[in-house]
Amino acid sequence: MSASTTVKVEDQVPDTQEASQTANGSAPPVNWESEIQLVSSLAKLQELERKIHELRHLVPNKLLEPLASLSYQSEPSSISFADSPVLLRNGLDQAARTQLANIESFKSTWQGPDLTPVWAHVESRIKESNGQILQPTGLWERDYDVILEELLQTEKSKEEERLREEEEVERTKAQASESGWQGVVESFIQRNVPGVRIIKGQGAQSLAIALSKAGIIFHVEGLKENDVPGVAEWHVSSKAPPGRVPTKMENSIIECLNSRSRKWDLAFLLDMISSYADLKQTTCVKCNKLTNDSAQLPIIRRAQSTNPSTQDPRVFAFDALHSSCA
Ligand SMILES: [Zn+2]
């Protein structure tokens with residue numbers, strides 16, 4: 001195993017004989033100790049073998065398929081291959097072209113960058129075992145695409161568990177003191193985010209945020225729980241001037257803000273609200289348009305995944321989406 005890893009590292013060095021023998025030098029090094037890597041390679045090989053079986057039907061079945069229609073009694077009104085040699089020839093031409101394209105696609109998968117390191121690894125393993133073939137039964141005993149799916153699923157749940165634990169630590173820290181949230185507000189104000197103005201002095205554990213370009217003011221209020229000194233959850237409502245009812249769009253935005261994750265996290269909420277500052281210029285990440293077919297702006301916000309330890313204070317970025325694209 002480790003021998004082939006060394007070979008892969010040498011691939012990065014141009015003009016060594018080793019490199020030209022194994023894989024094309026541009027392929028990234030592969031970690032053959034990783035189970036997911038091994039299983040995903042096996043799944044690719046298994047898929048190739050399935051295609052080989054498919055291609056075996058090429059001669060004569062697939063190529064001569066148009067001839068088969070000659071033996072069917074066609075309906076009197078329709079023109080069949082039997083009525084026209086030109087049609088029959090075109091049919092045979094088309095069948096040949098389609099099947100050749102299938103072979104070409106198979107060849108390029110076989111020789112493609114995805115499989116080059118796999119073949120190099122297989123060859124080196126055969127060499128290591130003095131030319132003995134690795135799969136002595138010649139049969140696939142497991143479905144590697146199924147195993148791969150399971151492994152990826154396990155990996156995903158582990159990652160989700162890690163993120164949950166991480167958030168738990170952050171939450172406990174943020175809720176440890178009565179006034180911790182004011183520090184969050186101060187460091188947000190210092191960032192001078194364009195088009196976003198914080199209005200303090202709205203009462204205990206509350207503030208207002210004005211988006212001047214979008215013409216919206218939000219009221220944000222911290223809700224308390226008995227067992228923690230800090231704020232358990234920040235709640236957003238509209239702060240429309242007296243006599244004006246919030247628009248349908250404002251209500252939709254508030255609904256989206258209040259259904260966010262990390263409800264305890266004021267820094268997250270302030271960044272999320274800021275993402276609406278350029279509401280009328282922000283296009284949807286999915287369809288790249290400003291308005292959708294129902295003339296709606298992309299008012300849904302989805303947090304981009306970030307590495308928490310890279311910035312202090314942490315800054316969250318959001319993708320904009322139409323409700324129809326979310
Ligand atoms: Zn869209």
# chains A, B, ... in the order shown; residues from 1 in each chain; ligands from 1
$ select_by_dssp --residues "range 62-261 of chain A" --states "helix (DSSP H, G or I)" --output "MDAnalysis selection string"
chainID A and resid 62 65:71 85:111 116:128 144:174 180:190 248:258
$ residues_around --residues "Asp93 in chain A" --least-positions-apart "6" --cutoff "12 Å" --atoms "only C-alpha atoms" --output "tab-separated table (two decimals) with N, CA, C and O atoms, in the first residue's frame"
chain	number	residue	atom	x	y	z
A	62	LYS	N	-27.68	-4.59	-31.36
A	62	LYS	CA	-27.92	-3.15	-31.40
A	62	LYS	C	-27.71	-2.57	-32.81
A	62	LYS	O	-28.47	-1.73	-33.27
A	63	LEU	N	-26.65	-3.06	-33.50
A	63	LEU	CA	-26.35	-2.51	-34.82
A	63	LEU	C	-27.44	-2.86	-35.83
A	63	LEU	O	-27.72	-2.10	-36.74
A	64	LEU	N	-28.01	-4.04	-35.64
A	64	LEU	CA	-28.98	-4.52	-36.66
A	64	LEU	C	-30.43	-4.30	-36.23
A	64	LEU	O	-31.35	-4.79	-36.87
A	65	GLU	N	-30.61	-3.55	-35.14
A	65	GLU	CA	-31.96	-3.30	-34.64
A	65	GLU	C	-32.93	-2.84	-35.74
A	65	GLU	O	-34.06	-3.32	-35.79
A	66	PRO	N	-32.51	-1.90	-36.63
A	66	PRO	CA	-33.45	-1.44	-37.67
A	66	PRO	C	-33.96	-2.59	-38.54
A	66	PRO	O	-35.11	-2.56	-38.99
A	67	LEU	N	-33.14	-3.62	-38.78
A	67	LEU	CA	-33.57	-4.75	-39.60
A	67	LEU	C	-34.70	-5.52	-38.93
A	67	LEU	O	-35.57	-6.06	-39.60
A	86	VAL	N	-34.07	3.79	-48.38
A	86	VAL	CA	-33.35	4.96	-47.89
A	86	VAL	C	-33.53	5.07	-46.38
A	86	VAL	O	-32.57	5.30	-45.62
A	87	LEU	N	-34.79	4.92	-45.93
A	87	LEU	CA	-35.06	4.98	-44.50
A	87	LEU	C	-34.29	3.90	-43.76
A	87	LEU	O	-33.74	4.13	-42.69
A	99	GLN	N	-24.03	3.59	-31.52
A	99	GLN	CA	-23.26	2.56	-30.82
A	99	GLN	C	-21.78	2.91	-30.77
A	99	GLN	O	-21.11	2.66	-29.78
A	100	LEU	N	-21.28	3.55	-31.85
A	100	LEU	CA	-19.88	3.99	-31.82
A	100	LEU	C	-19.66	5.03	-30.74
A	100	LEU	O	-18.66	5.01	-30.02
$ residues_around --residues "range 268-271 of chain A" --least-positions-apart "3" --cutoff "12 Å" --atoms "only C-alpha atoms" --output "ChimeraX atom specification"
/A:167,170-171,174,181,184-189,191-194,196-198,207-211,218-222,233-236,254,256-265,274-277,301-304,306,308,313-319
$ residues_around --residues "Asn292 in chain A" --least-positions-apart "3" --cutoff "12 Å" --atoms "only C-alpha atoms" --output "PyMOL selection string"
chain A and resi 283-284+286-289+295-299+321-326
$ write_last_selection --atoms "C-alpha atoms" --output "compact mmCIF listing (two decimals), in the first residue's frame"
# COMPACT_ATOMS: atom_id res chain seq x y z
CA THR A 283 -29.77 37.93 -7.64
CA CYS A 284 -30.77 34.35 -6.86
CA LYS A 286 -29.86 29.19 -8.32
CA CYS A 287 -31.42 30.89 -11.36
CA ASN A 288 -29.13 33.98 -11.39
CA LYS A 289 -32.15 36.22 -11.92
CA ALA A 295 -42.12 38.98 -10.13
CA GLN A 296 -40.73 38.14 -6.66
CA LEU A 297 -37.26 39.03 -5.40
CA PRO A 298 -35.04 36.30 -3.91
CA ILE A 299 -35.99 36.77 -0.24
CA LEU A 321 -32.80 32.38 -3.29
CA HIS A 322 -36.32 32.83 -4.64
CA SER A 323 -38.86 30.91 -2.62
CA SER A 324 -39.58 29.05 -5.88
CA CYS A 325 -35.87 28.14 -6.23
CA ALA A 326 -35.24 27.12 -2.61
$ closest_residue --among "A:Lys213, A:Pro60, A:Glu49, A:Glu33" --to "Gly138 in chain A" --atoms "only C-alpha atoms"
A:Glu49
$ residues_around --residues "Lys107 in chain A" --least-positions-apart "4" --cutoff "12 Å" --atoms "only C-alpha atoms" --output "number ranges by chain"
A: 48, 51-52, 55, 100-103, 111-113, 115
$ residues_around --residues "Leu42 in chain A" --least-positions-apart "5" --cutoff "12 Å" --atoms "only C-alpha atoms" --output "list in words"
Trp32, Glu35, Ile36, Gln37, Glu47, Leu48, Glu49, Asp114, Leu115, Val118, Trp119, His121, Val122, Gln135, Trp140, Glu141, Arg142, Asp143, Tyr144, Asp145, Val146, Ile147 and Leu148 of chain A
$ closest_residue --among "A:Ile126, A:Ala95, A:Ile253, A:Val285" --to "ligand 1" --atoms "only C-alpha atoms and all ligand atoms"
A:Val285
$ closest_residue --among "A:Thr247, A:Ser105, A:Asn61, A:Thr282" --to "ligand 1" --atoms "only C-alpha atoms and all ligand atoms"
A:Thr282
$ select_by_dssp --residues "range 102-276 of chain A" --states "strand (DSSP E)" --output "count of residues only"
27
$ closest_residue --among "A:Leu58, A:Leu163, A:Ala204, A:Ala214" --to "Lys280 in chain A" --atoms "only C-alpha atoms"
A:Ala214
$ closest_residue --among "A:Asn251, A:Gln205, A:Ser294, A:Ser177" --to "ligand 1" --atoms "only C-alpha atoms and all ligand atoms"
A:Ser294
$ atom_distance --atom1 "CA of Gly195 in chain A" --atom2 "CA of Ala320 in chain A"
17.2 Å
$ residues_around --residues "Glu178 in chain A" --least-positions-apart "6" --cutoff "8 Å" --atoms "only C-alpha atoms" --output "PyMOL selection string"
chain A and resi 229-231
$ write_last_selection --atoms "C-alpha atoms" --output "PDB file, in the first residue's frame"
ATOM      1  CA  PRO A 229     -28.223  34.370  32.105  1.00  0.00           C
ATOM      2  CA  GLY A 230     -27.919  35.342  28.414  1.00  0.00           C
ATOM      3  CA  VAL A 231     -30.511  35.475  25.628  1.00  0.00           C
TER       4      VAL A 231
END
$ decode --residues "range 189-223 of chain A" --atoms "N, CA, C and O atoms" --output "compact mmCIF listing (two decimals), in the first residue's frame"
# COMPACT_ATOMS: atom_id res chain seq x y z
N ILE A 189 -21.09 46.98 14.73
CA ILE A 189 -21.10 48.41 14.37
C ILE A 189 -19.73 48.82 13.82
O ILE A 189 -19.63 49.55 12.83
N GLN A 190 -18.66 48.30 14.46
CA GLN A 190 -17.31 48.66 14.02
C GLN A 190 -16.99 48.18 12.60
O GLN A 190 -16.10 48.71 11.94
N ARG A 191 -17.69 47.18 12.14
CA ARG A 191 -17.44 46.67 10.77
C ARG A 191 -18.01 47.61 9.70
O ARG A 191 -17.71 47.45 8.52
N ASN A 192 -18.85 48.59 10.11
CA ASN A 192 -19.42 49.55 9.16
C ASN A 192 -20.01 48.90 7.91
O ASN A 192 -19.64 49.25 6.78
N VAL A 193 -20.89 47.96 8.10
CA VAL A 193 -21.50 47.27 6.95
C VAL A 193 -22.36 48.28 6.17
O VAL A 193 -23.23 48.92 6.76
N PRO A 194 -22.09 48.46 4.85
CA PRO A 194 -22.81 49.49 4.10
C PRO A 194 -24.32 49.26 4.08
O PRO A 194 -24.77 48.13 3.90
N GLY A 195 -25.05 50.36 4.27
CA GLY A 195 -26.52 50.29 4.18
C GLY A 195 -27.19 49.71 5.40
O GLY A 195 -28.41 49.50 5.39
N VAL A 196 -26.43 49.42 6.46
CA VAL A 196 -27.02 48.81 7.66
C VAL A 196 -26.75 49.72 8.86
O VAL A 196 -25.61 50.07 9.13
N ARG A 197 -27.81 50.14 9.56
CA ARG A 197 -27.64 51.01 10.71
C ARG A 197 -28.31 50.39 11.94
O ARG A 197 -29.46 49.95 11.87
N ILE A 198 -27.55 50.34 13.04
CA ILE A 198 -28.07 49.79 14.28
C ILE A 198 -28.63 50.93 15.12
O ILE A 198 -27.97 51.96 15.28
N ILE A 199 -29.83 50.77 15.62
CA ILE A 199 -30.43 51.78 16.50
C ILE A 199 -30.56 51.16 17.89
O ILE A 199 -31.38 50.25 18.09
N LYS A 200 -29.71 51.68 18.81
CA LYS A 200 -29.71 51.10 20.17
C LYS A 200 -30.76 51.81 21.03
O LYS A 200 -31.44 52.73 20.58
N GLY A 201 -30.86 51.37 22.28
CA GLY A 201 -31.77 52.02 23.22
C GLY A 201 -33.23 51.72 22.95
O GLY A 201 -34.11 52.58 23.07
N GLN A 202 -33.51 50.50 22.55
CA GLN A 202 -34.89 50.09 22.27
C GLN A 202 -35.47 49.31 23.44
O GLN A 202 -36.46 48.61 23.30
N GLY A 203 -34.83 49.42 24.61
CA GLY A 203 -35.28 48.65 25.77
C GLY A 203 -34.28 47.55 26.05
O GLY A 203 -33.32 47.37 25.31
N ALA A 204 -34.52 46.85 27.16
CA ALA A 204 -33.59 45.80 27.56
C ALA A 204 -33.55 44.69 26.52
O ALA A 204 -34.59 44.27 26.01
N GLN A 205 -32.33 44.24 26.21
CA GLN A 205 -32.13 43.15 25.26
C GLN A 205 -32.91 43.32 23.96
O GLN A 205 -33.54 42.38 23.47
N SER A 206 -32.87 44.55 23.44
CA SER A 206 -33.50 44.72 22.14
C SER A 206 -32.85 45.86 21.39
O SER A 206 -32.18 46.71 21.98
N LEU A 207 -33.01 45.86 20.09
CA LEU A 207 -32.44 46.90 19.23
C LEU A 207 -33.22 46.92 17.92
O LEU A 207 -34.03 46.03 17.66
N ALA A 208 -32.95 47.99 17.15
CA ALA A 208 -33.58 48.06 15.83
C ALA A 208 -32.48 48.12 14.78
O ALA A 208 -31.37 48.59 15.05
N ILE A 209 -32.76 47.58 13.60
CA ILE A 209 -31.78 47.59 12.51
C ILE A 209 -32.47 48.16 11.28
O ILE A 209 -33.52 47.65 10.85
N ALA A 210 -31.88 49.24 10.74
CA ALA A 210 -32.47 49.88 9.56
C ALA A 210 -31.65 49.55 8.32
O ALA A 210 -30.43 49.67 8.32
N LEU A 211 -32.34 49.10 7.28
CA LEU A 211 -31.70 48.89 5.98
C LEU A 211 -32.13 50.05 5.08
O LEU A 211 -33.26 50.07 4.59
N SER A 212 -31.23 51.03 4.89
CA SER A 212 -31.65 52.28 4.24
C SER A 212 -32.05 52.07 2.78
O SER A 212 -33.07 52.58 2.33
N LYS A 213 -31.24 51.30 2.02
CA LYS A 213 -31.56 51.09 0.60
C LYS A 213 -32.86 50.34 0.41
O LYS A 213 -33.67 50.65 -0.45
N ALA A 214 -33.03 49.29 1.23
CA ALA A 214 -34.23 48.47 1.10
C ALA A 214 -35.44 49.15 1.73
O ALA A 214 -36.58 48.79 1.46
N GLY A 215 -35.19 50.16 2.59
CA GLY A 215 -36.28 50.89 3.24
C GLY A 215 -37.04 50.05 4.24
O GLY A 215 -38.27 50.16 4.34
N ILE A 216 -36.31 49.20 4.98
CA ILE A 216 -36.98 48.35 5.97
C ILE A 216 -36.32 48.53 7.34
O ILE A 216 -35.09 48.64 7.41
N ILE A 217 -37.12 48.59 8.40
CA ILE A 217 -36.57 48.61 9.76
C ILE A 217 -37.09 47.37 10.50
O ILE A 217 -38.28 47.07 10.49
N PHE A 218 -36.13 46.65 11.10
CA PHE A 218 -36.51 45.47 11.89
C PHE A 218 -36.35 45.76 13.36
O PHE A 218 -35.43 46.49 13.77
N HIS A 219 -37.21 45.16 14.15
CA HIS A 219 -37.07 45.21 15.59
C HIS A 219 -36.60 43.83 16.05
O HIS A 219 -37.18 42.82 15.65
N VAL A 220 -35.52 43.81 16.84
CA VAL A 220 -34.98 42.52 17.29
C VAL A 220 -35.03 42.48 18.81
O VAL A 220 -34.57 43.42 19.48
N GLU A 221 -35.58 41.41 19.35
CA GLU A 221 -35.73 41.33 20.79
C GLU A 221 -35.25 39.98 21.31
O GLU A 221 -35.52 38.93 20.72
N GLY A 222 -34.49 40.03 22.42
CA GLY A 222 -33.97 38.81 23.02
C GLY A 222 -34.97 38.19 23.97
O GLY A 222 -35.51 38.87 24.84
N LEU A 223 -35.25 36.91 23.78
CA LEU A 223 -36.17 36.21 24.69
C LEU A 223 -35.33 35.42 25.68
O LEU A 223 -34.35 34.79 25.32
